[in-house]
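*Asks:* Pasting a structure below so you can have a look.
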Amino acid sequence: MAYSFVLKDLSLKTPDVLMVFFSLLAYGLWRVCRLLSFIYTSPLRLLPGPSAPSFFYGNLIEIDEAENSALPDQWFEQYGTHFVDHEFFMTPRLWSLDPQAIHYVLTHHEDYPHPAASLKFLAQALGKGLLFVQGEEHRQQRRIMNPAFGPAQIRDLTPIFLQKATLLRDIWATVISQSEGPVRVNVNHDLSKTTLDIIGVAGFGYDFHALDPEGPPSELNLAFRQFLGKAPSTSLKIYFATFFPMLRLLPNKHTKTFNAATAVIRRVGAQLVTDKKASTMRAAKEKHDHVERKDLQGRDLLTLLIKANLATDVPESQRLSDADVTGQIPTFLLAGHETTSTATTWALYALCKTPEVQKKLRKELLTVPTETPTMDELSALPYLDKVVRETLRLHSPLTALVRQARKDDVIPLSKPVVDRYGKEHHGIRIAKGNKVVIPIIAMHRSKEIWGEDALDFKPERWDHTPSPLCPVSGDIFSPSSAAHGHALATGSLS
């Protein structure tokens, strides 16, 4: 008598089930063998580096738990300009402080893209925003989005920055006035609320009311915090899911919470895009029946993006889909929320530790005759600009970039490296699939680049940029090059 397994209206006989089972087992074993072969034949195994405390997590957990991202600094001091650590299942990855190596990796975009697996996971969860796509898709989105981030558009958002910064100041002033003695406030917590309100209103015209304790609860805020809370950087489940997507279908509490959060983000985002698109088309119809990129005016970046995307002088083939536009909302949140609040918190900490800098900055700020300065007036304050730059150098919210080799290659070096066996190399051999870490925070603290006072908060150093920075991409060493991020930070500091 033949046994069968019934799933809804499908009848599967025992041999068929066994065939599926052994096929999946064979596929899994093949992937494991490929991984082991990749790990133990990588040319990076020849380079020195720290031992890994865990076979499963490599060095990831100890890096994640290190205070102030200091562990890579210690390893560079111990092993020199290059070292190799390990991520999941002892997979080696290269860290380098060599300017020529960094320049080579960052300028060969096609050969060293962002790791595809992590971007794919985020794109599936949050949509194809600018941070989660590569190649031509990334270039297409940049072409559409660039007009929305022009100097004129950022200047128009300045009142939002100032309004929320002033509100936070008044909240702190009220707390102080109600106490007769010293007052303790959670600066980072309150700044996080402030920047959330700022990026909500300036980014897509959505008020989170985070600073208002009496305000209505924000569905999008709760969902986004749940998403971040359920996506740890050292999750084995996420790692396995990139290789075996079917694992995402397994029901558990964390998966349900994660899926529910992403569903809310997508739903609220899609509704925002639909409403703004309708109002944009309605306004265009009332005026002259069409929109051009020169007409870019609006209260928030999402409205500007929709106008740019609907412009009649943009070819149909270059326009973004509504889903791609919706994907920019999580992009705005990820790029402009915690990054800005963290940087501003460190700025206030640095000013507390250096009263002479605080005094000099306050003197310059008091020359502004109004509490609501324009962006042009803020940009005309040279010492404020240096303080922001020095904050983003010493306390960069983005501590590292990761790129993944798309082919076997040799990375050129400005100085030779010595391997574990004492042999000298003028280039580093790297295998297809190996990751390269660009250690932004370690470069920002490098005494070789910045001098013996590299760990000191010293805004005056920006009067003369160190010469070793010249061969390296300006995106790393010019932290204020991102105009909207600099504007957010400047608005909060002022």
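So you can find residues: chains in the structure tokens are A, B, ... in the order shown, residues in each start at 1, and ligands are numbered from 1 in order.
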Write out as an NGL selection string the residues lying within 12 Å of Gln358 in chain A, counting only C-alpha atoms and excluding same-chain residues fewer than 3 positions away.

*Replies:* :A and (347-355 or 361-365 or 383-384 or 387 or 457-459 or 493)

*Asks:* Those residues with C-alpha atoms, as a PDB file, in the first residue's frame please?

*Replies:*
```
ATOM      1  CA  ALA A 347      29.010  67.695  19.141  1.00  0.00           C
ATOM      2  CA  LEU A 348      27.462  68.824  22.429  1.00  0.00           C
ATOM      3  CA  TYR A 349      29.660  66.363  24.329  1.00  0.00           C
ATOM      4  CA  ALA A 350      32.783  67.671  22.575  1.00  0.00           C
ATOM      5  CA  LEU A 351      31.814  71.274  23.349  1.00  0.00           C
ATOM      6  CA  CYS A 352      31.357  70.376  27.033  1.00  0.00           C
ATOM      7  CA  LYS A 353      34.835  68.834  27.114  1.00  0.00           C
ATOM      8  CA  THR A 354      36.465  71.812  25.362  1.00  0.00           C
ATOM      9  CA  PRO A 355      35.135  75.022  26.976  1.00  0.00           C
ATOM     10  CA  LEU A 361      31.606  79.148  18.912  1.00  0.00           C
ATOM     11  CA  ARG A 362      29.119  80.964  21.153  1.00  0.00           C
ATOM     12  CA  LYS A 363      30.833  84.274  20.389  1.00  0.00           C
ATOM     13  CA  GLU A 364      30.444  83.655  16.653  1.00  0.00           C
ATOM     14  CA  LEU A 365      26.810  82.548  16.968  1.00  0.00           C
ATOM     15  CA  TYR A 383      33.919  78.452  12.957  1.00  0.00           C
ATOM     16  CA  LEU A 384      30.519  76.719  13.089  1.00  0.00           C
ATOM     17  CA  VAL A 387      33.008  72.527  14.535  1.00  0.00           C
ATOM     18  CA  PHE A 457      38.668  67.846  19.267  1.00  0.00           C
ATOM     19  CA  LYS A 458      40.336  70.683  17.406  1.00  0.00           C
ATOM     20  CA  PRO A 459      38.168  72.580  14.836  1.00  0.00           C
ATOM     21  CA  LEU A 493      23.751  72.931  16.602  1.00  0.00           C
TER      22      LEU A 493
END
```

*Asks:* Using the chain letters and numbers from this document, which residues of range 65-113 of chain A does DSSP assign to alpha helix (DSSP H), as an MDAnalysis selection string?

*Replies:* chainID A and resid 65 71:79 99:107

*Asks:* Between A:Glu87, A:Asp73, A:Glu448, A:Asp324, which residue has the minimum interatomic distance to Asn434 in chain A, considering only C-alpha atoms?

*Replies:*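 Closest to Asn434 in chain A of all the choices is A:Glu87.
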
*Asks:* Which residues of range 118-218 of chain A come within 9 Å of range 267-282 of chain A, and for each one, what is the closest pair of atoms and their distance in Å to one decimal, counting only C-alpha atoms, sorted by chain and residue number, as JSON lines?

*Replies:*
```
{"residue": "A:Phe204", "atom": "CA", "partner": "A:Leu272", "partner_atom": "CA", "distance": 7.7}
{"residue": "A:Gly205", "atom": "CA", "partner": "A:Leu272", "partner_atom": "CA", "distance": 8.5}
{"residue": "A:Tyr206", "atom": "CA", "partner": "A:Leu272", "partner_atom": "CA", "distance": 8.4}
```

*Asks:* Name the residues of range 186-425 of chain A that come out as strand (DSSP E) in a backbone DSSP run; write them as a PyMOL selection string.

*Replies:* chain A and resi 401-404+409-418+424-425

*Asks:* Mind dumping the selected residues with N, CA, C and O atoms as a PDB file, in the first residue's frame?

*Replies:*
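New file again28.pdb:
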```
ATOM      1  N   LEU A 401      32.580  51.595   5.604  1.00  0.00           N
ATOM      2  CA  LEU A 401      31.915  51.171   4.371  1.00  0.00           C
ATOM      3  C   LEU A 401      32.390  49.759   4.039  1.00  0.00           C
ATOM      4  O   LEU A 401      33.530  49.406   4.324  1.00  0.00           O
ATOM      5  N   VAL A 402      31.521  48.970   3.450  1.00  0.00           N
ATOM      6  CA  VAL A 402      31.889  47.612   3.060  1.00  0.00           C
ATOM      7  C   VAL A 402      31.640  47.434   1.565  1.00  0.00           C
ATOM      8  O   VAL A 402      30.581  47.799   1.052  1.00  0.00           O
ATOM      9  N   ARG A 403      32.647  46.910   0.878  1.00  0.00           N
ATOM     10  CA  ARG A 403      32.525  46.593  -0.540  1.00  0.00           C
ATOM     11  C   ARG A 403      32.884  45.120  -0.747  1.00  0.00           C
ATOM     12  O   ARG A 403      33.617  44.540   0.049  1.00  0.00           O
ATOM     13  N   GLN A 404      32.360  44.526  -1.813  1.00  0.00           N
ATOM     14  CA  GLN A 404      32.589  43.104  -2.073  1.00  0.00           C
ATOM     15  C   GLN A 404      33.139  42.913  -3.482  1.00  0.00           C
ATOM     16  O   GLN A 404      32.572  43.428  -4.448  1.00  0.00           O
ATOM     17  N   ASP A 409      41.143  39.762  -8.026  1.00  0.00           N
ATOM     18  CA  ASP A 409      41.801  41.034  -8.328  1.00  0.00           C
ATOM     19  C   ASP A 409      43.041  41.189  -7.450  1.00  0.00           C
ATOM     20  O   ASP A 409      43.263  40.435  -6.498  1.00  0.00           O
ATOM     21  N   VAL A 410      43.848  42.198  -7.788  1.00  0.00           N
ATOM     22  CA  VAL A 410      44.985  42.608  -6.964  1.00  0.00           C
ATOM     23  C   VAL A 410      44.807  44.083  -6.658  1.00  0.00           C
ATOM     24  O   VAL A 410      44.757  44.920  -7.561  1.00  0.00           O
ATOM     25  N   ILE A 411      44.705  44.414  -5.368  1.00  0.00           N
ATOM     26  CA  ILE A 411      44.517  45.801  -4.945  1.00  0.00           C
ATOM     27  C   ILE A 411      45.886  46.455  -4.781  1.00  0.00           C
ATOM     28  O   ILE A 411      46.717  45.968  -4.005  1.00  0.00           O
ATOM     29  N   PRO A 412      46.161  47.550  -5.507  1.00  0.00           N
ATOM     30  CA  PRO A 412      47.474  48.211  -5.398  1.00  0.00           C
ATOM     31  C   PRO A 412      47.637  48.916  -4.059  1.00  0.00           C
ATOM     32  O   PRO A 412      46.664  49.339  -3.431  1.00  0.00           O
ATOM     33  N   LEU A 413      48.883  49.058  -3.621  1.00  0.00           N
ATOM     34  CA  LEU A 413      49.195  49.672  -2.331  1.00  0.00           C
ATOM     35  C   LEU A 413      50.195  50.811  -2.502  1.00  0.00           C
ATOM     36  O   LEU A 413      51.021  50.790  -3.411  1.00  0.00           O
ATOM     37  N   SER A 414      50.137  51.779  -1.603  1.00  0.00           N
ATOM     38  CA  SER A 414      51.125  52.857  -1.616  1.00  0.00           C
ATOM     39  C   SER A 414      52.410  52.423  -0.918  1.00  0.00           C
ATOM     40  O   SER A 414      53.483  52.931  -1.201  1.00  0.00           O
ATOM     41  N   LYS A 415      52.273  51.450   0.005  1.00  0.00           N
ATOM     42  CA  LYS A 415      53.422  50.872   0.698  1.00  0.00           C
ATOM     43  C   LYS A 415      53.257  49.357   0.733  1.00  0.00           C
ATOM     44  O   LYS A 415      52.141  48.863   0.864  1.00  0.00           O
ATOM     45  N   PRO A 416      54.341  48.598   0.615  1.00  0.00           N
ATOM     46  CA  PRO A 416      54.224  47.130   0.634  1.00  0.00           C
ATOM     47  C   PRO A 416      53.729  46.616   1.979  1.00  0.00           C
ATOM     48  O   PRO A 416      53.894  47.269   3.015  1.00  0.00           O
ATOM     49  N   VAL A 417      53.106  45.422   1.960  1.00  0.00           N
ATOM     50  CA  VAL A 417      52.611  44.786   3.165  1.00  0.00           C
ATOM     51  C   VAL A 417      53.363  43.466   3.363  1.00  0.00           C
ATOM     52  O   VAL A 417      53.735  42.805   2.394  1.00  0.00           O
ATOM     53  N   VAL A 418      53.596  43.105   4.608  1.00  0.00           N
ATOM     54  CA  VAL A 418      54.292  41.858   4.943  1.00  0.00           C
ATOM     55  C   VAL A 418      53.268  40.855   5.467  1.00  0.00           C
ATOM     56  O   VAL A 418      52.490  41.168   6.386  1.00  0.00           O
ATOM     57  N   GLU A 424      57.075  40.010   1.540  1.00  0.00           N
ATOM     58  CA  GLU A 424      56.612  41.352   1.209  1.00  0.00           C
ATOM     59  C   GLU A 424      55.779  41.340  -0.073  1.00  0.00           C
ATOM     60  O   GLU A 424      56.115  40.671  -1.053  1.00  0.00           O
ATOM     61  N   HIS A 425      54.664  42.095  -0.073  1.00  0.00           N
ATOM     62  CA  HIS A 425      53.777  42.175  -1.236  1.00  0.00           C
ATOM     63  C   HIS A 425      53.518  43.647  -1.558  1.00  0.00           C
ATOM     64  O   HIS A 425      53.305  44.465  -0.657  1.00  0.00           O
TER      65      HIS A 425
END
```

*Asks:* Would you mind reading off the distance between CA of Leu130 in chain A and CA of Val314 in chain A, one decimal, in Å?

*Replies:*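 CA of Val314 in chain A lies at a distance of 18.5 Å from CA of Leu130 in chain A.
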